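One file, my_file.txt, is given below (compact mmCIF, C-alpha atoms).
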# COMPACT_ATOMS: atom_id res chain seq x y z
CA MET A 1 -4.20 5.35 2.93
CA LYS A 2 -0.70 6.20 4.15
CA TYR A 3 1.32 6.41 0.96
CA ILE A 4 4.70 7.66 -0.23
CA GLY A 5 4.24 10.69 -2.48
CA ASN A 6 0.49 11.00 -1.96
CA LYS A 7 -0.60 14.23 -3.68
CA THR A 8 -3.82 14.83 -1.73
CA ARG A 9 -2.37 17.82 0.11
CA LEU A 10 -1.03 19.27 -3.14
CA LEU A 11 -4.25 19.08 -5.14
CA PRO A 12 -5.05 22.81 -4.71
CA PHE A 13 -1.55 23.65 -5.97
CA ILE A 14 -1.92 21.39 -9.03
CA GLU A 15 -5.37 22.80 -9.84
CA GLN A 16 -4.12 26.38 -9.50
CA VAL A 17 -1.24 25.74 -11.90
CA VAL A 18 -3.60 24.18 -14.45
CA GLU A 19 -5.84 27.23 -14.21
CA ASN A 20 -3.01 29.79 -14.31
CA CYS A 21 -1.48 28.17 -17.39
CA GLY A 22 -4.81 28.20 -19.21
CA LEU A 23 -4.91 24.46 -19.81
CA PRO A 24 -8.12 23.04 -21.30
CA THR A 25 -10.92 22.43 -18.80
CA THR A 26 -12.15 19.37 -20.71
CA GLY A 27 -10.57 16.48 -22.58
CA THR A 28 -8.62 13.36 -21.68
CA PHE A 29 -6.54 13.44 -18.51
CA MET A 30 -4.14 10.53 -18.10
CA ASP A 31 -2.48 9.61 -14.79
CA PRO A 32 -0.21 6.57 -15.35
CA PHE A 33 1.49 6.69 -11.92
CA ALA A 34 -1.83 6.86 -10.11
CA GLY A 35 -0.95 5.40 -6.69
CA THR A 36 -3.88 6.21 -4.41
CA ALA A 37 -5.66 7.83 -7.41
CA SER A 38 -6.23 11.11 -5.54
CA VAL A 39 -5.28 13.22 -8.57
CA SER A 40 -7.33 11.11 -10.99
CA VAL A 41 -10.38 11.31 -8.73
CA ARG A 42 -10.13 15.09 -8.46
CA PHE A 43 -9.85 15.58 -12.22
CA LYS A 44 -12.70 13.14 -12.76
CA GLU A 45 -14.72 15.39 -10.47
CA LEU A 46 -13.67 18.39 -12.57
CA GLY A 47 -15.16 16.77 -15.66
CA TYR A 48 -12.21 15.27 -17.53
CA LYS A 49 -12.22 11.83 -19.12
CA ILE A 50 -9.77 9.82 -17.02
CA ILE A 51 -7.25 7.17 -18.00
CA SER A 52 -5.22 5.94 -15.04
CA ALA A 53 -2.69 3.19 -14.41
CA ASP A 54 -0.15 1.72 -12.03
CA ILE A 55 2.05 -1.36 -11.88
CA MET A 56 0.78 -2.33 -8.40
CA THR A 57 -2.38 -4.44 -8.17
CA TYR A 58 -3.71 -2.80 -5.00
CA SER A 59 -3.52 0.57 -6.78
CA TYR A 60 -5.15 -0.80 -9.93
CA LEU A 61 -8.11 -2.24 -8.01
CA ARG A 62 -8.53 1.05 -6.16
CA GLN A 63 -8.52 2.90 -9.48
CA ARG A 64 -11.10 0.57 -10.98
CA ALA A 65 -13.41 1.31 -8.08
CA LEU A 66 -12.81 5.05 -7.92
CA ILE A 67 -12.33 5.82 -11.62
CA GLU A 68 -14.41 3.32 -13.59
CA LEU A 69 -17.45 3.13 -11.31
CA ASP A 70 -20.07 5.84 -11.76
CA GLY A 71 -21.75 5.32 -8.39
CA ASP A 72 -22.09 2.74 -5.66
CA PRO A 73 -22.07 -0.82 -7.04
CA GLN A 74 -25.44 -2.54 -6.70
CA MET A 75 -24.14 -6.01 -5.77
CA GLU A 76 -27.51 -7.59 -6.49
CA GLY A 77 -25.98 -11.07 -6.75
CA VAL A 78 -24.55 -10.88 -3.25
CA MET A 79 -27.72 -9.35 -1.84
CA SER A 80 -29.75 -12.34 -2.97
CA LEU A 81 -27.07 -14.70 -1.66
CA ILE A 82 -26.80 -13.25 1.84
CA ARG A 83 -30.51 -12.37 1.99
CA ALA A 84 -29.78 -9.01 3.55
CA SER A 85 -32.57 -6.84 4.90
CA SER A 86 -33.81 -4.18 2.47
CA SER A 87 -34.11 -1.73 5.37
CA ARG A 88 -30.40 -0.98 5.30
CA GLU A 89 -29.17 2.31 3.88
CA SER A 90 -27.69 0.74 0.73
CA ASN A 91 -26.67 -2.56 -0.79
CA VAL A 92 -23.03 -1.66 -0.25
CA SER A 93 -23.61 -1.11 3.47
CA ALA A 94 -25.42 -4.43 3.72
CA VAL A 95 -22.64 -6.36 1.99
CA LEU A 96 -19.91 -4.69 4.07
CA ALA A 97 -21.90 -5.42 7.24
CA HIS A 98 -22.07 -9.09 6.23
CA LEU A 99 -18.30 -9.20 5.68
CA ASN A 100 -17.60 -7.42 8.97
CA GLN A 101 -19.63 -10.03 10.84
CA LEU A 102 -17.76 -13.03 9.42
CA GLU A 103 -16.00 -15.21 11.96
CA GLY A 104 -12.23 -14.94 11.65
CA ARG A 105 -10.27 -17.90 10.38
CA TYR A 106 -6.70 -19.16 10.50
CA GLY A 107 -5.42 -18.59 6.99
CA TYR A 108 -2.77 -16.96 4.81
CA ALA A 109 -2.82 -13.52 6.45
CA PHE A 110 -2.71 -15.03 9.93
CA GLU A 111 0.21 -17.30 9.09
CA ASN A 112 2.24 -14.53 7.41
CA PHE A 113 1.30 -11.26 9.08
CA ALA A 114 0.23 -12.03 12.68
CA PRO A 115 2.45 -12.61 15.74
CA SER A 116 0.91 -16.01 16.48
CA GLY A 117 1.37 -17.16 12.90
CA SER A 118 4.17 -19.39 11.67
CA HIS A 119 6.45 -16.45 10.86
CA LYS A 120 5.73 -14.31 13.95
CA ARG A 121 5.37 -11.11 11.93
CA GLN A 122 3.53 -8.32 13.70
CA TYR A 123 1.78 -6.37 10.95
CA PHE A 124 -1.70 -7.11 12.34
CA THR A 125 -3.13 -8.44 15.57
CA ASP A 126 -4.17 -12.08 15.45
CA ILE A 127 -7.83 -11.07 15.40
CA ASN A 128 -7.44 -8.61 12.53
CA ALA A 129 -5.32 -11.01 10.47
CA MET A 130 -8.00 -13.67 10.90
CA LYS A 131 -10.65 -11.17 9.83
CA ILE A 132 -8.62 -10.36 6.72
CA ASP A 133 -8.48 -14.08 5.91
CA ALA A 134 -12.23 -14.57 6.33
CA ILE A 135 -13.20 -11.45 4.36
CA ARG A 136 -10.71 -11.88 1.53
CA ASP A 137 -11.57 -15.56 1.08
CA GLU A 138 -15.28 -14.72 0.95
CA ILE A 139 -14.75 -12.01 -1.67
CA GLN A 140 -12.67 -14.43 -3.74
CA VAL A 141 -15.39 -17.10 -3.61
CA TRP A 142 -17.96 -14.55 -4.78
CA ARG A 143 -15.75 -13.58 -7.68
CA ASP A 144 -14.89 -17.15 -8.68
CA GLU A 145 -18.58 -18.07 -8.61
CA GLU A 146 -19.44 -14.88 -10.57
CA VAL A 147 -21.70 -13.61 -7.82
CA ILE A 148 -20.00 -10.21 -8.14
CA SER A 149 -18.74 -8.33 -11.20
CA ASP A 150 -15.12 -7.27 -11.72
CA LEU A 151 -15.93 -3.73 -10.59
CA GLU A 152 -17.78 -4.94 -7.51
CA PHE A 153 -14.78 -7.15 -6.72
CA ALA A 154 -12.49 -4.13 -7.08
CA TYR A 155 -14.68 -2.10 -4.72
CA LEU A 156 -14.77 -4.77 -2.02
CA VAL A 157 -11.04 -5.54 -2.15
CA SER A 158 -10.30 -1.81 -2.05
CA ALA A 159 -12.48 -1.44 1.04
CA LEU A 160 -10.57 -4.29 2.69
CA ILE A 161 -7.18 -2.81 1.76
CA GLU A 162 -8.17 0.61 3.10
CA SER A 163 -9.41 -0.88 6.37
CA SER A 164 -6.38 -3.17 6.71
CA ASP A 165 -4.01 -0.27 6.15
CA HIS A 166 -5.79 1.71 8.86
CA VAL A 167 -5.08 -0.94 11.54
CA ALA A 168 -1.65 -2.02 10.28
CA ASN A 169 1.14 -1.97 12.85
CA MET A 170 3.70 0.04 10.93
CA SER A 171 4.91 3.63 10.87
CA GLY A 172 4.21 4.48 7.24
CA THR A 173 5.26 1.70 4.89
CA TYR A 174 5.40 -2.08 5.14
CA GLY A 175 9.17 -2.15 4.88
CA ALA A 176 9.06 -3.18 8.54
CA TYR A 177 6.51 -3.76 11.28
CA LEU A 178 6.71 -2.17 14.71
CA LYS A 179 7.89 -4.13 17.73
CA ILE A 180 5.35 -2.41 19.95
CA TRP A 181 1.68 -2.02 19.10
CA ARG A 182 0.33 1.27 17.81
CA SER A 183 -2.92 2.15 19.57
CA VAL A 184 -4.85 2.16 16.28
CA ALA A 185 -3.45 -1.28 15.38
CA LEU A 186 -5.24 -2.72 18.41
CA LYS A 187 -8.63 -1.61 17.11
CA GLU A 188 -10.78 -4.12 15.26
CA LEU A 189 -10.73 -4.00 11.47
CA ASN A 190 -14.00 -2.63 10.12
CA LEU A 191 -14.90 -2.26 6.44
CA LYS A 192 -16.45 1.08 5.53
CA PRO A 193 -18.06 2.32 2.30
CA PHE A 194 -16.28 5.02 0.33
CA ALA A 195 -17.66 7.66 -2.00
CA ILE A 196 -17.62 7.32 -5.79
CA VAL A 197 -17.51 10.46 -7.95
CA LYS A 198 -20.14 10.41 -10.67
CA SER A 199 -19.11 11.06 -14.26
CA ARG A 200 -20.97 11.22 -17.55
CA LEU A 201 -17.84 9.95 -19.31
CA GLN A 202 -16.39 6.45 -19.61
CA ASN A 203 -13.15 6.26 -17.66
CA PHE A 204 -10.56 3.51 -17.63
CA ALA A 205 -7.92 2.08 -15.29
CA HIS A 206 -5.02 -0.12 -16.38
CA LEU A 207 -2.53 -2.45 -14.72
CA CYS A 208 0.63 -1.60 -16.65
CA SER A 209 3.67 0.68 -16.73
CA ALA A 210 3.46 4.31 -17.73
CA ASN A 211 5.96 3.80 -20.55
CA ASP A 212 3.79 1.09 -22.07
CA LEU A 213 0.57 3.05 -21.69
CA VAL A 214 1.77 6.24 -23.42
CA ARG A 215 2.39 4.19 -26.56
CA LYS A 216 -1.30 3.24 -26.66
CA GLU A 217 -3.13 6.38 -25.54
CA SER A 218 -3.22 10.04 -26.50
CA GLY A 219 -5.15 13.05 -25.27
CA THR A 220 -5.14 16.47 -23.69
CA ILE A 221 -3.21 16.36 -20.40
CA LEU A 222 -0.68 13.78 -19.29
CA TYR A 223 -0.02 14.03 -15.56
CA LEU A 224 3.19 12.34 -14.45
CA ASP A 225 4.04 11.60 -10.83
CA PRO A 226 6.85 9.02 -11.07
CA PRO A 227 8.74 7.68 -8.06
CA TYR A 228 11.54 10.10 -7.27
CA ASN A 229 13.73 8.16 -4.86
CA SER A 230 15.18 4.66 -4.53
CA ARG A 231 12.32 3.22 -2.45
CA GLN A 232 10.45 0.64 -4.49
CA TYR A 233 6.70 0.64 -3.94
CA ALA A 234 6.59 -3.13 -4.47
CA SER A 235 8.75 -3.77 -1.42
CA ASN A 236 7.32 -0.98 0.72
CA PHE A 237 3.66 -1.96 0.22
CA HIS A 238 4.01 -5.70 -0.29
CA VAL A 239 1.45 -6.59 2.38
CA LEU A 240 -1.27 -4.66 0.55
CA GLU A 241 -0.22 -6.31 -2.70
CA SER A 242 -0.54 -9.76 -1.11
CA ILE A 243 -4.07 -8.92 0.04
CA ALA A 244 -4.97 -7.55 -3.39
CA VAL A 245 -3.59 -10.42 -5.47
CA TRP A 246 -4.38 -13.19 -2.93
CA ASP A 247 -2.23 -15.70 -4.77
CA LYS A 248 -0.94 -16.92 -1.41
CA GLN A 249 2.60 -17.21 -2.65
CA GLN A 250 5.39 -18.18 -0.28
CA LEU A 251 6.86 -15.03 1.24
CA ARG A 252 10.47 -14.54 2.22
CA GLY A 253 12.57 -12.82 4.82
CA LYS A 254 11.77 -11.22 8.13
CA THR A 255 9.23 -8.83 6.63
CA GLY A 256 7.51 -11.33 4.31
CA LEU A 257 8.45 -9.93 0.93
CA ARG A 258 6.77 -11.08 -2.26
CA ASN A 259 8.61 -11.82 -5.49
CA TYR A 260 8.41 -8.42 -7.14
CA ASP A 261 10.93 -8.76 -9.97
CA ASN A 262 8.29 -7.70 -12.52
CA GLN A 263 7.16 -4.69 -10.48
CA ARG A 264 10.41 -2.83 -10.01
CA SER A 265 10.22 0.77 -11.18
CA GLU A 266 13.05 2.06 -13.35
CA TYR A 267 12.35 5.52 -11.94
CA SER A 268 13.66 4.37 -8.56
CA THR A 269 16.99 3.33 -10.06
CA LYS A 270 19.66 5.94 -10.64
CA THR A 271 21.16 4.02 -13.55
CA ARG A 272 17.87 3.74 -15.47
CA ALA A 273 15.71 6.70 -14.44
CA LYS A 274 17.04 9.06 -17.12
CA GLU A 275 16.52 6.57 -19.94
CA ALA A 276 13.02 5.72 -18.74
CA PHE A 277 12.06 9.39 -18.42
CA ALA A 278 13.36 10.31 -21.87
CA ASP A 279 11.49 7.37 -23.40
CA LEU A 280 8.28 8.36 -21.62
CA ILE A 281 8.33 11.97 -22.80
CA SER A 282 9.40 11.11 -26.35
CA ASN A 283 6.56 8.64 -26.86
CA SER A 284 3.74 10.66 -25.32
CA GLU A 285 1.13 12.17 -27.62
CA PHE A 286 -0.60 14.66 -25.35
CA ASP A 287 -1.07 18.38 -25.81
CA TYR A 288 0.26 19.13 -22.34
CA ILE A 289 2.42 17.30 -19.83
CA LEU A 290 2.31 18.04 -16.11
CA LEU A 291 5.22 16.58 -14.16
CA SER A 292 5.27 16.46 -10.37
CA TYR A 293 8.71 15.98 -8.92
CA SER A 294 10.63 16.67 -5.72
CA ASN A 295 13.74 18.76 -5.16
CA GLU A 296 15.15 15.61 -3.52
CA GLY A 297 14.57 13.40 -6.56
CA ILE A 298 16.97 11.19 -8.47
CA LEU A 299 16.60 13.28 -11.63
CA SER A 300 18.18 16.73 -11.42
CA GLU A 301 16.24 19.86 -12.25
CA ASP A 302 18.66 20.69 -15.08
CA TYR A 303 18.13 17.28 -16.66
CA ILE A 304 14.34 17.52 -16.43
CA LEU A 305 14.25 21.00 -17.95
CA ASP A 306 16.63 20.00 -20.76
CA GLU A 307 14.61 16.89 -21.62
CA LEU A 308 11.23 18.59 -21.52
CA SER A 309 12.47 21.57 -23.54
CA LYS A 310 13.24 19.27 -26.46
CA HIS A 311 9.49 18.86 -26.97
CA GLY A 312 8.04 22.33 -26.42
CA SER A 313 7.84 25.29 -24.06
CA VAL A 314 8.24 24.64 -20.33
CA GLN A 315 7.16 26.45 -17.19
CA ARG A 316 8.14 25.45 -13.67
CA PHE A 317 6.18 26.08 -10.49
CA GLU A 318 7.27 25.42 -6.94
CA LYS A 319 5.43 24.63 -3.72
CA ASP A 320 7.22 24.53 -0.41
CA TYR A 321 5.56 22.29 2.16
CA LYS A 322 6.20 20.42 5.37
CA ARG A 323 7.76 17.02 4.86
CA PHE A 324 5.34 14.13 5.25
CA ARG A 325 6.05 12.20 8.43
CA THR A 326 4.62 8.81 9.19
CA GLU A 327 4.51 9.63 12.91
CA ARG A 328 3.90 12.71 15.01
CA ASN A 329 6.36 13.81 17.68
CA HIS A 330 5.92 11.85 20.92
CA ALA A 331 7.95 10.70 23.91
CA SER A 332 10.21 8.37 21.94
CA ARG A 333 10.21 10.23 18.61
CA ASN A 334 11.12 13.88 18.15
CA TYR A 335 11.76 15.05 14.60
CA ALA A 336 14.19 17.91 14.15
CA ASP A 337 12.85 21.01 12.43
CA VAL A 338 15.99 21.57 10.39
CA GLY A 339 15.46 20.40 6.83
CA ASP A 340 11.89 19.48 7.63
CA ARG A 341 10.51 21.19 4.53
CA VAL A 342 10.76 20.08 0.93
CA SER A 343 9.84 21.60 -2.41
CA GLU A 344 7.43 20.10 -4.91
CA TYR A 345 8.09 21.12 -8.48
CA LEU A 346 5.35 21.09 -11.08
CA TYR A 347 6.60 21.36 -14.65
CA VAL A 348 4.15 22.27 -17.40
CA LEU A 349 5.14 21.32 -20.93
CA LYS A 350 3.15 22.58 -23.89
CA LYS A 351 4.06 20.17 -26.67
CA ASN A 352 5.16 21.48 -30.05

For the structure just supplied, provide its representation as structure tokens.
Amino acid sequence: MKYIGNKTRLLPFIEQVVENCGLPTTGTFMDPFAGTASVSVRFKELGYKIISADIMTYSYLRQRALIELDGDPQMEGVMSLIRASSSRESNVSAVLAHLNQLEGRYGYAFENFAPSGSHKRQYFTDINAMKIDAIRDEIQVWRDEEVISDLEFAYLVSALIESSDHVANMSGTYGAYLKIWRSVALKELNLKPFAIVKSRLQNFAHLCSANDLVRKESGTILYLDPPYNSRQYASNFHVLESIAVWDKQQLRGKTGLRNYDNQRSEYSTKTRAKEAFADLISNSEFDYILLSYSNEGILSEDYILDELSKHGSVQRFEKDYKRFRTERNHASRNYADVGDRVSEYLYVLKKN
């Protein structure tokens, strides 16, 4: 998934810092700004007990699938319903094949996110928007009729979101759609299975804010990756949120924004980021805190070091890397090299 602040490329750096600082190799690892859950998944693989969270529903469902599941969901209820052949590789493959073969329908996604819909938005081709409608409606019926469990629901919706994001006609976020079609956006949406990391521990995902969650949980390592600039995830990934929630609310404006008043992050607001950060650190009961932050963030390095130092000893590590771009250079887009690199800071706080 194309995502602001995705830490997949920085996982080796984070792991190396954890090792160099001699942090415990077992215990509870909490990731309350989970996003795509790439960090949580890696530390689940390393053997930690995982607690993850996010305020966005599409992230929460992805976490439930990747963090709480301990293997591919069996989906026995659906298998009996669709009478799929037992010769297929797995139940998951059979169910996804059934969903992929559904006939598209004119529905909510078509009306709101396709060029032939009422609002003429060009996030998906007409065919792909109609496929989203058919697949998401089918998944919802299965859930409402209790044919699938909550975790199976999370897996299927996550597969749809991942596939939808792959063929979306945008450059990196859903803040705007493109006026011309990307070549990948013209491909047909196709659900694919994704791997689940096995774990002998019980792991949990939550739909809530980080500041609320730290008041309820404690453990070994608290990994913090808060938003660092003014871009709100709720407005930049609203299409994925609409697919995840499927409440079919009336959207507004040229880009089809949802009402996201309850999903605004204080960390993306200059006037409230400091207060939110201080509250988060003060109320955390973890032995260690790892904080990922950018040199271009709202919070200054001096402020972060001062605030963390109130609670224990602090080390800071830096990783210089090439700025993430949503597009490669091409005939009509040529990024300048100047200022094309940014620094990722990783602060390690050992609590008093």

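What separates CA of Gly71 (chain A) from CA of Ser199 (chain A) is a distance of 8.6 Å.
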
CA of Leu156 (chain A) and CA of Ser90 (chain A), how far apart in Å?
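Separation of CA of Ser90 (chain A) and CA of Leu156 (chain A): 14.3 Å.
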
Fewer than 6 positions away in the same chain doesn't count, so skip those; otherwise give me all residues within 7 Å of region 201-208 of chain A, counting all atoms listed in the file, as a list of chain:residue names.
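Surrounding residues, per the criterion: A:Lys49, A:Ile50, A:Ile51, A:Ser52, A:Ala53, A:Asp54, A:Ile55, A:Thr57, A:Tyr60, A:Gln63, A:Arg64, A:Ile67, A:Glu68.
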
I need the residues from that last selection saved to file as a short mmCIF file (atom, residue, chain, number, x, y, z; two decimals), in the coordinates of the input (with C-alpha atoms), if you can.
data_model
loop_
_atom_site.label_atom_id
_atom_site.label_comp_id
_atom_site.auth_asym_id
_atom_site.auth_seq_id
_atom_site.Cartn_x
_atom_site.Cartn_y
_atom_site.Cartn_z
CA LYS A 49 -12.22 11.83 -19.12
CA ILE A 50 -9.77 9.82 -17.02
CA ILE A 51 -7.25 7.17 -18.00
CA SER A 52 -5.22 5.94 -15.04
CA ALA A 53 -2.69 3.19 -14.41
CA ASP A 54 -0.15 1.72 -12.03
CA ILE A 55 2.05 -1.36 -11.88
CA THR A 57 -2.38 -4.44 -8.17
CA TYR A 60 -5.15 -0.80 -9.93
CA GLN A 63 -8.52 2.90 -9.48
CA ARG A 64 -11.10 0.57 -10.98
CA ILE A 67 -12.33 5.82 -11.62
CA GLU A 68 -14.41 3.32 -13.59
#

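One distance worth recording is that between CA of Met56 (chain A) and CA of Ala94 (chain A), which is 28.9 Å.
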
Do a neighbour search on Ser59 (chain A) at 12 Å with all atoms listed in the file, toss out local chain neighbours closer than 4 positions, and write the hits as JSON, numbers by chain.
{"A": [1, 3, 32, 33, 34, 35, 36, 37, 38, 40, 52, 53, 54, 55, 63, 64, 65, 66, 67, 154, 155, 157, 158, 161, 162, 205, 206, 207, 208, 233, 234, 237, 238, 240, 241, 243, 244, 245]}

Atoms to include: C-alpha atoms. Write the selected residues as a PDB file, in the frame of the given file.
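And here is the file that came out, again_0.pdb:
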ATOM      1  CA  MET A   1      -4.200   5.350   2.930  1.00  0.00           C
ATOM      2  CA  TYR A   3       1.320   6.410   0.960  1.00  0.00           C
ATOM      3  CA  PRO A  32      -0.210   6.570 -15.350  1.00  0.00           C
ATOM      4  CA  PHE A  33       1.490   6.690 -11.920  1.00  0.00           C
ATOM      5  CA  ALA A  34      -1.830   6.860 -10.110  1.00  0.00           C
ATOM      6  CA  GLY A  35      -0.950   5.400  -6.690  1.00  0.00           C
ATOM      7  CA  THR A  36      -3.880   6.210  -4.410  1.00  0.00           C
ATOM      8  CA  ALA A  37      -5.660   7.830  -7.410  1.00  0.00           C
ATOM      9  CA  SER A  38      -6.230  11.110  -5.540  1.00  0.00           C
ATOM     10  CA  SER A  40      -7.330  11.110 -10.990  1.00  0.00           C
ATOM     11  CA  SER A  52      -5.220   5.940 -15.040  1.00  0.00           C
ATOM     12  CA  ALA A  53      -2.690   3.190 -14.410  1.00  0.00           C
ATOM     13  CA  ASP A  54      -0.150   1.720 -12.030  1.00  0.00           C
ATOM     14  CA  ILE A  55       2.050  -1.360 -11.880  1.00  0.00           C
ATOM     15  CA  GLN A  63      -8.520   2.900  -9.480  1.00  0.00           C
ATOM     16  CA  ARG A  64     -11.100   0.570 -10.980  1.00  0.00           C
ATOM     17  CA  ALA A  65     -13.410   1.310  -8.080  1.00  0.00           C
ATOM     18  CA  LEU A  66     -12.810   5.050  -7.920  1.00  0.00           C
ATOM     19  CA  ILE A  67     -12.330   5.820 -11.620  1.00  0.00           C
ATOM     20  CA  ALA A 154     -12.490  -4.130  -7.080  1.00  0.00           C
ATOM     21  CA  TYR A 155     -14.680  -2.100  -4.720  1.00  0.00           C
ATOM     22  CA  VAL A 157     -11.040  -5.540  -2.150  1.00  0.00           C
ATOM     23  CA  SER A 158     -10.300  -1.810  -2.050  1.00  0.00           C
ATOM     24  CA  ILE A 161      -7.180  -2.810   1.760  1.00  0.00           C
ATOM     25  CA  GLU A 162      -8.170   0.610   3.100  1.00  0.00           C
ATOM     26  CA  ALA A 205      -7.920   2.080 -15.290  1.00  0.00           C
ATOM     27  CA  HIS A 206      -5.020  -0.120 -16.380  1.00  0.00           C
ATOM     28  CA  LEU A 207      -2.530  -2.450 -14.720  1.00  0.00           C
ATOM     29  CA  CYS A 208       0.630  -1.600 -16.650  1.00  0.00           C
ATOM     30  CA  TYR A 233       6.700   0.640  -3.940  1.00  0.00           C
ATOM     31  CA  ALA A 234       6.590  -3.130  -4.470  1.00  0.00           C
ATOM     32  CA  PHE A 237       3.660  -1.960   0.220  1.00  0.00           C
ATOM     33  CA  HIS A 238       4.010  -5.700  -0.290  1.00  0.00           C
ATOM     34  CA  LEU A 240      -1.270  -4.660   0.550  1.00  0.00           C
ATOM     35  CA  GLU A 241      -0.220  -6.310  -2.700  1.00  0.00           C
ATOM     36  CA  ILE A 243      -4.070  -8.920   0.040  1.00  0.00           C
ATOM     37  CA  ALA A 244      -4.970  -7.550  -3.390  1.00  0.00           C
ATOM     38  CA  VAL A 245      -3.590 -10.420  -5.470  1.00  0.00           C
TER      39      VAL A 245
END

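Every protein or nucleic acid residue with an atom no more than 9 Å from Leu10 (chain A), counting only C-alpha atoms and leaving out same-chain residues fewer than 4 positions away, appears here: Asn6, Ile14, Glu15, Lys319, Tyr321 and Glu344 of chain A.
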
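For the choices A:Gln249, A:Ser294, A:Gln140, A:Ser284, the atom-to-atom distance to Tyr228 (chain A) is smallest for A:Ser294 when using all atoms listed in the file.
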
Which one of A:Ser230, A:Asn112, A:Ser93, A:Asn169 sits closest to Tyr267 (chain A) if you count all atoms listed in the file?
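Once distances to Tyr267 (chain A) are computed over all atoms listed in the file, the minimum belongs to A:Ser230.
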
Determine the nearest neighbour of Gln232 (chain A) from the options A:Asp247, A:Glu76, A:Glu103, A:Glu266, counting only C-alpha atoms.
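Distance minimum relative to Gln232 (chain A) lands on A:Glu266.
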
For Tyr106 (chain A), the nearest of the candidates A:Arg272, A:Arg121, A:Lys131, A:Lys310, counting all atoms listed in the file
A:Lys131

Close residues, Ser268 (chain A) itself excluded, 6 Å, all atoms listed in the file, min 3 positions apart in chain, as a list in words
Pro227, Asn229, Ser230 and Ser265 of chain A
